[in-house]
file upload02.tsv (TSV, C-alpha atoms (C1' of nucleotides))
chain	number	residue	atom	x	y	z
A	1	MET	CA	0.00	0.00	0.00
A	2	ILE	CA	1.37	3.36	-1.02
A	3	ILE	CA	1.55	6.00	1.68
A	4	ASN	CA	-0.65	8.86	0.67
A	5	ILE	CA	-0.38	12.37	2.05
A	6	ASN	CA	-2.96	13.71	-0.41
A	7	MET	CA	-6.02	11.93	0.81
A	8	ASN	CA	-8.16	14.80	-0.33
A	9	GLU	CA	-7.13	14.56	-3.94
A	10	ARG	CA	-7.32	10.80	-3.85
A	11	GLU	CA	-10.86	10.99	-2.54
A	12	ILE	CA	-11.82	13.45	-5.21
A	13	PHE	CA	-10.45	11.16	-7.88
A	14	THR	CA	-12.07	8.06	-6.42
A	15	SER	CA	-15.47	9.67	-6.18
A	16	PHE	CA	-15.08	11.05	-9.69
A	17	LEU	CA	-14.38	7.55	-10.96
A	18	LYS	CA	-17.31	6.06	-9.08
A	19	ARG	CA	-19.62	8.71	-10.48
A	20	LYS	CA	-18.48	7.70	-13.95
A	21	GLY	CA	-18.90	3.97	-13.28
A	22	LEU	CA	-15.13	3.49	-13.42
A	23	LYS	CA	-12.86	1.67	-11.01
A	24	MET	CA	-10.05	2.84	-8.76
A	25	THR	CA	-7.08	0.64	-9.57
A	26	GLN	CA	-3.52	0.38	-8.44
A	27	PRO	CA	-2.07	1.77	-11.69
A	28	ARG	CA	-4.43	4.74	-11.51
A	29	GLU	CA	-3.42	5.37	-7.94
A	30	THR	CA	0.25	5.17	-8.90
A	31	VAL	CA	-0.14	7.71	-11.69
A	32	LEU	CA	-2.08	10.06	-9.43
A	33	GLN	CA	0.59	9.89	-6.72
A	34	ALA	CA	3.37	10.38	-9.25
A	35	PHE	CA	1.64	13.43	-10.64
A	36	LEU	CA	0.87	14.93	-7.22
A	37	ALA	CA	4.46	14.44	-6.08
A	38	HIS	CA	5.85	16.83	-8.69
A	39	GLU	CA	5.16	20.50	-9.21
A	40	GLY	CA	5.55	22.38	-12.43
A	41	HIS	CA	4.68	21.60	-16.03
A	42	LEU	CA	4.87	17.87	-16.52
A	43	THR	CA	4.79	16.03	-19.79
A	44	THR	CA	3.20	12.62	-19.96
A	45	GLU	CA	6.70	11.23	-20.24
A	46	ASP	CA	7.74	12.97	-17.01
A	47	ILE	CA	4.75	11.42	-15.30
A	48	LEU	CA	5.55	8.02	-16.78
A	49	HIS	CA	9.07	8.17	-15.31
A	50	ALA	CA	7.76	9.28	-11.94
A	51	SER	CA	5.15	6.52	-12.02
A	52	ARG	CA	7.75	3.88	-12.77
A	53	MET	CA	9.72	4.92	-9.70
A	54	ILE	CA	6.69	3.72	-7.75
A	55	ASP	CA	5.79	0.77	-9.96
A	56	ALA	CA	8.12	-0.15	-12.79
A	57	SER	CA	5.46	-2.05	-14.68
A	58	ILE	CA	3.26	0.95	-15.48
A	59	GLY	CA	2.57	1.26	-19.19
A	60	GLN	CA	2.70	4.42	-21.20
A	61	ALA	CA	-0.87	4.09	-22.41
A	62	THR	CA	-2.07	3.92	-18.83
A	63	VAL	CA	-0.43	7.24	-18.06
A	64	PHE	CA	-2.09	8.89	-21.04
A	65	ARG	CA	-5.45	7.43	-20.11
A	66	THR	CA	-5.17	8.21	-16.43
A	67	MET	CA	-3.98	11.78	-16.89
A	68	LYS	CA	-7.02	12.45	-19.06
A	69	LEU	CA	-9.21	11.25	-16.22
A	70	ILE	CA	-7.29	13.23	-13.61
A	71	ALA	CA	-7.73	16.35	-15.70
A	72	GLU	CA	-11.40	15.60	-16.17
A	73	ALA	CA	-11.72	15.27	-12.41
A	74	GLY	CA	-10.38	18.81	-12.07
A	75	LEU	CA	-7.07	17.84	-10.46
A	76	ALA	CA	-4.87	18.69	-13.43
A	77	ARG	CA	-5.06	21.02	-16.35
A	78	ASP	CA	-3.24	21.45	-19.62
A	79	ALA	CA	-0.55	24.11	-19.23
A	80	CYS	CA	-1.02	24.68	-22.94
A	81	GLN	CA	2.27	25.75	-24.42
A	82	ASP	CA	2.27	26.30	-28.15
A	83	ASP	CA	4.74	23.59	-29.07
A	84	GLY	CA	5.86	20.20	-27.92
A	85	PRO	CA	3.94	17.53	-26.07
A	86	ARG	CA	1.04	18.30	-23.76
A	87	LYS	CA	2.05	19.55	-20.32
A	88	TYR	CA	-0.03	19.07	-17.20
A	89	GLU	CA	0.03	21.16	-14.07
A	90	HIS	CA	-1.72	20.85	-10.73
A	91	ALA	CA	-5.15	22.41	-10.59
A	92	TYR	CA	-6.37	21.70	-7.10
A	93	LEU	CA	-5.42	23.58	-3.93
A	94	HIS	CA	-2.72	25.38	-5.86
A	95	SER	CA	-2.81	29.10	-6.27
A	96	HIS	CA	-3.83	29.77	-9.83
A	97	HIS	CA	-0.83	31.20	-11.54
A	98	ASP	CA	-0.84	32.52	-15.05
A	99	HIS	CA	1.89	32.79	-17.63
A	100	LEU	CA	3.62	35.76	-19.17
A	101	HIS	CA	5.47	34.54	-22.20
A	102	CYS	CA	8.15	36.38	-24.18
A	103	ILE	CA	7.89	35.33	-27.81
A	104	GLY	CA	11.32	36.82	-28.42
A	105	CYS	CA	13.47	34.70	-26.12
A	106	GLY	CA	10.90	32.17	-24.95
A	107	LYS	CA	11.15	33.12	-21.28
A	108	VAL	CA	8.05	32.36	-19.18
A	109	ILE	CA	7.20	34.35	-16.06
A	110	GLU	CA	4.52	33.04	-13.73
A	111	PHE	CA	2.34	35.54	-11.96
A	112	PHE	CA	-0.80	35.76	-9.89
A	113	ASP	CA	-3.28	38.62	-10.12
A	114	PRO	CA	-6.24	38.74	-7.73
A	115	ASP	CA	-8.03	41.29	-9.92
A	116	ILE	CA	-8.04	38.88	-12.82
A	117	GLU	CA	-9.13	36.01	-10.59
A	118	GLN	CA	-12.02	38.12	-9.39
A	119	ALA	CA	-13.00	39.17	-12.89
A	120	GLN	CA	-13.00	35.52	-13.91
A	121	GLU	CA	-15.31	34.61	-11.07
A	122	ALA	CA	-17.66	37.30	-12.33
A	123	ILE	CA	-17.66	35.82	-15.82
A	124	PHE	CA	-18.48	32.33	-14.53
A	125	LYS	CA	-21.35	33.79	-12.54
A	126	GLN	CA	-22.65	35.86	-15.43
A	127	TYR	CA	-22.94	32.80	-17.66
A	128	GLY	CA	-24.28	30.51	-14.94
A	129	PHE	CA	-21.18	28.33	-14.92
A	130	THR	CA	-19.67	26.37	-12.07
A	131	ALA	CA	-16.01	27.35	-12.05
A	132	ILE	CA	-13.46	24.57	-12.36
A	133	GLY	CA	-10.32	26.28	-13.53
A	134	HIS	CA	-8.75	28.53	-16.06
A	135	ARG	CA	-5.71	29.05	-18.11
A	136	MET	CA	-4.30	32.35	-19.24
A	137	GLU	CA	-1.19	33.22	-21.15
A	138	LEU	CA	-0.07	36.73	-21.97
A	139	GLN	CA	2.22	36.99	-24.95
A	140	GLY	CA	4.61	39.84	-25.50
A	141	LEU	CA	8.21	40.92	-25.69
A	142	CYS	CA	10.26	41.27	-22.53
A	143	ALA	CA	12.24	44.45	-21.90
A	144	GLU	CA	15.43	43.09	-23.45
A	145	CYS	CA	13.77	41.68	-26.54
A	146	SER	CA	11.83	44.91	-27.03
A	147	ALA	CA	15.04	46.93	-26.87
A	148	GLN	CA	16.75	44.61	-29.30
A	149	GLN	CA	13.92	44.79	-31.77
A	150	ASP	CA	13.86	48.59	-31.68
A	151	LYS	CA	17.46	48.68	-32.83
A	152	THR	CA	16.74	46.68	-35.96
A	153	ARG	CA	13.43	48.33	-36.75
A	154	THR	CA	13.30	50.75	-39.69
A	155	GLN	CA	11.75	54.13	-39.01
A	156	PRO	CA	8.15	54.50	-40.20
B	1	MET	CA	-1.90	39.87	-58.62
B	2	ILE	CA	-4.31	39.09	-55.82
B	3	ILE	CA	-6.58	41.91	-54.72
B	4	ASN	CA	-5.79	42.71	-51.16
B	5	ILE	CA	-8.11	44.57	-48.84
B	6	ASN	CA	-5.86	43.97	-45.84
B	7	MET	CA	-2.89	46.05	-46.85
B	8	ASN	CA	-2.13	46.74	-43.22
B	9	GLU	CA	-1.69	43.12	-42.27
B	10	ARG	CA	0.24	42.42	-45.42
B	11	GLU	CA	2.63	45.23	-44.62
B	12	ILE	CA	3.10	43.96	-41.10
B	13	PHE	CA	3.90	40.52	-42.40
B	14	THR	CA	6.25	41.80	-45.08
B	15	SER	CA	8.20	43.95	-42.68
B	16	PHE	CA	8.34	41.10	-40.20
B	17	LEU	CA	9.83	38.87	-42.88
B	18	LYS	CA	12.32	41.50	-43.92
B	19	ARG	CA	13.43	41.98	-40.34
B	20	LYS	CA	14.06	38.25	-40.15
B	21	GLY	CA	15.95	38.16	-43.44
B	22	LEU	CA	13.13	36.19	-45.06
B	23	LYS	CA	11.39	36.78	-48.36
B	24	MET	CA	7.83	37.66	-49.24
B	25	THR	CA	6.69	35.09	-51.76
B	26	GLN	CA	3.53	34.33	-53.65
B	27	PRO	CA	2.72	31.20	-51.62
B	28	ARG	CA	3.17	33.13	-48.37
B	29	GLU	CA	0.91	35.86	-49.65
B	30	THR	CA	-1.70	33.29	-50.66
B	31	VAL	CA	-1.70	31.67	-47.23
B	32	LEU	CA	-1.96	35.04	-45.52
B	33	GLN	CA	-4.92	36.07	-47.67
B	34	ALA	CA	-6.63	32.73	-47.14
B	35	PHE	CA	-6.22	33.05	-43.40
B	36	LEU	CA	-7.38	36.67	-43.29
B	37	ALA	CA	-10.45	35.86	-45.36
B	38	HIS	CA	-11.90	33.54	-42.73
B	39	GLU	CA	-12.90	34.26	-39.17
B	40	GLY	CA	-13.10	31.75	-36.38
B	41	HIS	CA	-10.88	28.91	-35.29
B	42	LEU	CA	-9.10	27.54	-38.31
B	43	THR	CA	-7.12	24.35	-38.50
B	44	THR	CA	-4.15	24.18	-40.79
B	45	GLU	CA	-6.26	22.00	-43.02
B	46	ASP	CA	-8.97	24.67	-43.22
B	47	ILE	CA	-6.33	27.17	-44.24
B	48	LEU	CA	-4.89	24.75	-46.78
B	49	HIS	CA	-8.31	24.41	-48.44
B	50	ALA	CA	-8.84	28.16	-48.44
B	51	SER	CA	-5.37	28.67	-49.87
B	52	ARG	CA	-6.00	26.21	-52.67
B	53	MET	CA	-9.09	28.15	-53.70
B	54	ILE	CA	-6.67	30.94	-54.51
B	55	ASP	CA	-3.84	28.80	-55.82
B	56	ALA	CA	-4.41	25.07	-56.21
B	57	SER	CA	-0.72	24.25	-56.16
B	58	ILE	CA	-0.08	25.31	-52.56
B	59	GLY	CA	1.52	22.53	-50.55
B	60	GLN	CA	0.54	21.45	-47.07
B	61	ALA	CA	4.01	22.02	-45.66
B	62	THR	CA	3.94	25.60	-46.87
B	63	VAL	CA	0.76	26.24	-44.92
B	64	PHE	CA	2.29	24.85	-41.73
B	65	ARG	CA	5.44	26.87	-42.22
B	66	THR	CA	3.68	30.07	-43.17
B	67	MET	CA	1.15	29.95	-40.35
B	68	LYS	CA	4.00	29.68	-37.88
B	69	LEU	CA	5.48	32.83	-39.32
B	70	ILE	CA	2.13	34.62	-39.37
B	71	ALA	CA	1.67	33.78	-35.71
B	72	GLU	CA	5.19	34.91	-34.92
B	73	ALA	CA	4.41	38.19	-36.64
B	74	GLY	CA	1.52	38.68	-34.24
B	75	LEU	CA	-1.24	38.29	-36.82
B	76	ALA	CA	-2.50	34.91	-35.63
B	77	ARG	CA	-2.52	33.05	-32.39
B	78	ASP	CA	-3.17	29.51	-31.28
B	79	ALA	CA	-6.75	29.20	-30.08
B	80	CYS	CA	-5.43	26.41	-27.91
B	81	GLN	CA	-8.14	23.83	-27.48
B	82	ASP	CA	-7.19	20.79	-25.48
B	83	ASP	CA	-7.63	18.21	-28.21
B	84	GLY	CA	-7.35	17.88	-31.94
B	85	PRO	CA	-5.15	19.75	-34.36
B	86	ARG	CA	-3.86	23.25	-33.68
B	87	LYS	CA	-6.37	26.01	-34.37
B	88	TYR	CA	-5.45	29.53	-35.38
B	89	GLU	CA	-7.49	32.66	-34.90
B	90	HIS	CA	-6.97	36.25	-35.94
B	91	ALA	CA	-4.94	38.32	-33.52
B	92	TYR	CA	-4.71	41.72	-35.18
B	93	LEU	CA	-7.39	44.40	-35.22
B	94	HIS	CA	-9.84	41.92	-33.81
B	95	SER	CA	-11.41	42.44	-30.45
B	96	HIS	CA	-9.73	40.05	-28.10
B	97	HIS	CA	-12.29	37.51	-27.14
B	98	ASP	CA	-11.77	34.85	-24.58
B	99	HIS	CA	-13.28	31.41	-24.17
B	100	LEU	CA	-15.61	29.96	-21.60
B	101	HIS	CA	-15.52	26.22	-21.98
B	102	CYS	CA	-17.93	23.68	-20.49
B	103	ILE	CA	-16.01	20.51	-19.79
B	104	GLY	CA	-19.31	18.69	-19.40
B	105	CYS	CA	-20.80	19.13	-22.86
B	106	GLY	CA	-17.88	20.78	-24.64
B	107	LYS	CA	-19.76	23.97	-25.43
B	108	VAL	CA	-17.56	27.05	-25.94
B	109	ILE	CA	-18.86	30.56	-25.27
B	110	GLU	CA	-16.81	33.51	-26.47
B	111	PHE	CA	-16.82	36.63	-24.35
B	112	PHE	CA	-15.04	39.93	-23.99
B	113	ASP	CA	-14.31	41.58	-20.66
B	114	PRO	CA	-12.76	45.04	-20.57
B	115	ASP	CA	-11.79	44.62	-16.90
B	116	ILE	CA	-9.69	41.62	-17.74
B	117	GLU	CA	-8.16	43.37	-20.74
B	118	GLN	CA	-7.21	46.26	-18.49
B	119	ALA	CA	-5.75	43.99	-15.82
B	120	GLN	CA	-3.68	42.29	-18.50
B	121	GLU	CA	-2.29	45.60	-19.69
B	122	ALA	CA	-1.25	46.29	-16.11
B	123	ILE	CA	0.61	42.99	-15.92
B	124	PHE	CA	2.50	43.67	-19.14
B	125	LYS	CA	3.49	47.07	-17.78
B	126	GLN	CA	4.52	45.72	-14.40
B	127	TYR	CA	6.95	43.27	-15.97
B	128	GLY	CA	8.23	45.69	-18.60
B	129	PHE	CA	6.75	43.73	-21.49
B	130	THR	CA	5.52	44.95	-24.82
B	131	ALA	CA	2.06	43.43	-25.21
B	132	ILE	CA	1.42	41.32	-28.28
B	133	GLY	CA	-1.56	39.20	-27.39
B	134	HIS	CA	-3.08	36.85	-24.94
B	135	ARG	CA	-5.14	33.77	-24.65
B	136	MET	CA	-7.49	32.90	-21.85
B	137	GLU	CA	-9.79	30.00	-21.33
B	138	LEU	CA	-12.12	29.58	-18.40
B	139	GLN	CA	-13.14	26.02	-17.69
B	140	GLY	CA	-16.26	25.05	-15.84
B	141	LEU	CA	-19.64	23.42	-16.03
B	142	CYS	CA	-22.52	25.19	-17.73
B	143	ALA	CA	-25.85	25.53	-15.94
B	144	GLU	CA	-27.30	22.37	-17.53
B	145	CYS	CA	-24.26	20.20	-16.86
B	146	SER	CA	-24.05	21.48	-13.29
B	147	ALA	CA	-27.67	20.56	-12.71
B	148	GLN	CA	-27.18	17.13	-14.22
B	149	GLN	CA	-24.15	16.44	-12.09
B	150	ASP	CA	-25.96	17.46	-8.89
B	151	LYS	CA	-28.55	14.79	-9.49
B	152	THR	CA	-25.99	11.99	-9.63
B	153	ARG	CA	-23.81	13.32	-6.83
B	154	THR	CA	-23.94	11.56	-3.46
B	155	GLN	CA	-24.55	13.75	-0.45
B	156	PRO	CA	-21.40	14.70	1.49
C	1	DA	C1'	-15.34	-16.58	-0.06
C	2	DA	C1'	-16.42	-17.80	-4.69
C	3	DT	C1'	-18.45	-16.26	-8.86
C	4	DT	C1'	-19.63	-13.28	-12.32
C	5	DT	C1'	-19.51	-9.26	-15.01
C	6	DA	C1'	-17.35	-5.55	-16.86
C	7	DA	C1'	-13.63	-2.39	-16.72
C	8	DT	C1'	-8.56	-2.17	-17.02
C	9	DT	C1'	-4.03	-3.26	-18.22
C	10	DG	C1'	0.36	-3.23	-20.95
C	11	DA	C1'	2.16	-4.20	-25.41
C	12	DT	C1'	1.75	-3.22	-29.91
C	13	DA	C1'	-0.03	-1.39	-34.01
C	14	DA	C1'	-2.24	2.45	-36.04
C	15	DT	C1'	-3.30	7.10	-36.59
C	16	DG	C1'	-2.85	12.06	-36.97
C	17	DA	C1'	-0.34	16.16	-36.84
C	18	DT	C1'	3.77	18.25	-37.56
C	19	DT	C1'	8.60	18.57	-39.08
C	20	DA	C1'	12.82	17.27	-41.76
C	21	DT	C1'	14.81	16.33	-46.20
C	22	DC	C1'	15.91	17.53	-50.79
C	23	DA	C1'	16.18	18.73	-55.66
C	24	DA	C1'	14.02	22.23	-58.38
C	25	DT	C1'	12.58	27.00	-58.30
C	26	DA	C1'	11.80	31.75	-57.02
C	27	DT	C1'	13.28	36.04	-54.71
C	28	DC	C1'	16.01	39.97	-54.03
C	29	DA	C1'	20.23	42.73	-53.69
C	30	DA	C1'	23.96	44.20	-56.29
D	1	DT	C1'	21.03	40.05	-65.37
D	2	DT	C1'	23.33	37.55	-62.25
D	3	DG	C1'	24.46	35.17	-58.21
D	4	DA	C1'	23.66	33.91	-53.52
D	5	DT	C1'	20.29	32.29	-50.72
D	6	DA	C1'	15.73	31.37	-49.19
D	7	DT	C1'	11.59	28.78	-50.58
D	8	DT	C1'	8.79	25.41	-52.56
D	9	DG	C1'	6.04	21.04	-52.90
D	10	DA	C1'	6.43	16.16	-52.47
D	11	DT	C1'	7.81	12.68	-49.72
D	12	DA	C1'	9.61	10.44	-45.88
D	13	DA	C1'	10.34	10.63	-41.04
D	14	DT	C1'	9.16	11.75	-36.44
D	15	DC	C1'	6.56	12.71	-32.52
D	16	DA	C1'	2.53	12.44	-29.58
D	17	DT	C1'	-1.52	10.27	-28.92
D	18	DT	C1'	-5.15	6.77	-29.57
D	19	DA	C1'	-7.13	2.21	-30.91
D	20	DT	C1'	-6.84	-2.74	-30.53
D	21	DC	C1'	-6.80	-6.92	-28.01
D	22	DA	C1'	-5.95	-10.90	-25.08
D	23	DA	C1'	-4.90	-11.40	-20.29
D	24	DT	C1'	-5.86	-9.52	-15.79
D	25	DT	C1'	-8.13	-7.19	-12.10
D	26	DA	C1'	-11.76	-4.84	-9.42
D	27	DA	C1'	-16.18	-4.75	-7.45
D	28	DA	C1'	-20.96	-6.33	-7.19
D	29	DT	C1'	-23.59	-10.40	-6.25
D	30	DT	C1'	-24.31	-14.56	-4.70
call {"tool": "encode", "arguments": {"input": "upload02.tsv", "output": "structure tokens"}}
result
Amino acid sequence: MIININMNEREIFTSFLKRKGLKMTQPRETVLQAFLAHEGHLTTEDILHASRMIDASIGQATVFRTMKLIAEAGLARDACQDDGPRKYEHAYLHSHHDHLHCIGCGKVIEFFDPDIEQAQEAIFKQYGFTAIGHRMELQGLCAECSAQQDKTRTQP
Amino acid sequence: MIININMNEREIFTSFLKRKGLKMTQPRETVLQAFLAHEGHLTTEDILHASRMIDASIGQATVFRTMKLIAEAGLARDACQDDGPRKYEHAYLHSHHDHLHCIGCGKVIEFFDPDIEQAQEAIFKQYGFTAIGHRMELQGLCAECSAQQDKTRTQP
DNA sequence: AATTTAATTGATAATGATTATCAATATCAA
DNA sequence: TTGATATTGATAATCATTATCAATTAAATT
């Protein structure tokens, strides 16, 4: 039996599965624990590695399948970068952070803005939605990349 | 010569290419016009079809390559759905709309919130960024899906 | 506890989207 | 016009994800 310090999330996942007529299994529990044990933006491959530290026999397909369910249960969300494989991040009991992305150098700054959070709540309410999560990415040029671009820009 | 009612966007793209040491070509112009002529969330395949209405000899790879450049130039952005192929939407001289997504039934509502737009501007400023665009998706359950889920939920 | 039913698993093949390769061609600066 | 270099479309290759399937496992029922 795996020691579990995230009983809350486990319960959420279990009850989600039950509601869907699905079963809580050992592989699913392993993938959940592996995901919960790591912060940040995790690819399915990252989660596969982490899962195999717990149980070396976990298959890749199981990780794909289980992460879809975990996301559906509201415990993970797609971090949604433009390129590369899908990246998951924690979505439960984690402060919502958003991303400020420099398309010049690729740098990503994470930030949290209570005003935006509040405005989002208002939108959910206005449309009669139950809030589950959100994802926001601001795209721009950081100070350095802006400066660099100005040098090469022709005058209008 | 293709008639072009979007001289502004064409100029932006041309100067972007020049800055990068790249060339404005007929295929690139065709893809840009095809993209600009259609609103909504367009897959690369959609854009390929539209491009071939203008010039039947356009290759698929050219559409992929050109759309990447158009996005880099700030004229398109990834609409960023969770599944399926990448979808582009217009990002220049179009009111920024954001997405409210029901993860129950999949419905997507587009909305515009000036408060959020303003808060985003503030973030760009705070971090010294030049704003280019943004993408935001709120995820939740619509009224109907919420109601349906309540019925099947066990009491806590 | 044994049985039954249906979901789940991991391995593999298959798919779908995107990217790399390459010889022929087109663009642009000089 | 010419020459250097970027671009093209077709094709093959790659990458991420999904479908398939026989063997296994979980949970409901006896």
call {"tool": "calpha_fit_rmsd", "arguments": {"input": "upload02.tsv", "fixed": "chain B", "moving": "chain A"}}
result
0.1 Å
call {"tool": "interface_residues", "arguments": {"input": "upload02.tsv", "of": "chain B", "to": "chain A", "cutoff": "7 Å", "atoms": "only C-alpha atoms", "output": "list in words"}}
result
Cys80, Asp115, Ile116, Ala119, Gly128, Phe129, Thr130, Ala131, Ile132, Gly133, His134, Arg135, Met136, Glu137, Leu138, Gln139, Gly140, Leu141, Cys142, Ala143 and Ser146 of chain B
call {"tool": "interface_residues", "arguments": {"input": "upload02.tsv", "of": "chain A", "to": "chain C", "cutoff": "9 Å", "atoms": "all atoms listed in the file", "output": "list of chain:residue names"}}
result
A:Gly21, A:Leu22, A:Lys23, A:Thr25, A:Pro27, A:Ser57, A:Ile58, A:Gly59, A:Gln60, A:Ala61, A:Thr62
call {"tool": "atom_distance", "arguments": {"input": "upload02.tsv", "atom1": "CA of Leu69 (chain A)", "atom2": "CA of His97 (chain A)"}}
result
22.1 Å
call {"tool": "interface_residues", "arguments": {"input": "upload02.tsv", "of": "chain D", "to": "chain B", "cutoff": "8 Å", "atoms": "all atoms listed in the file", "output": "PyMOL selection string"}}
result
chain D and resi 6+8-9
call {"tool": "atom_distance", "arguments": {"input": "upload02.tsv", "atom1": "CA of Ala50 (chain B)", "atom2": "CA of Phe35 (chain B)"}}
result
7.5 Å
call {"tool": "axis_aligned_box", "arguments": {"input": "upload02.tsv", "around": "region 47-64 of chain A", "padding_each_side": "5 Å", "output": "lines of an AutoDock Vina configuration file"}}
result
center_x = 3.8
center_y = 4.7
center_z = -15.1
size_x = 21.8
size_y = 23.5
size_z = 24.7
call {"tool": "atom_distance", "arguments": {"input": "upload02.tsv", "atom1": "CA of Leu32 (chain A)", "atom2": "CA of Lys87 (chain A)"}}
result
15.0 Å
call {"tool": "residues_around", "arguments": {"input": "upload02.tsv", "residues": "Ser51 (chain B)", "least_positions_apart": "5", "cutoff": "7 Å", "atoms": "all atoms listed in the file", "output": "list in words"}}
result
Thr30, Val31, Ala34 and Ile58 of chain B
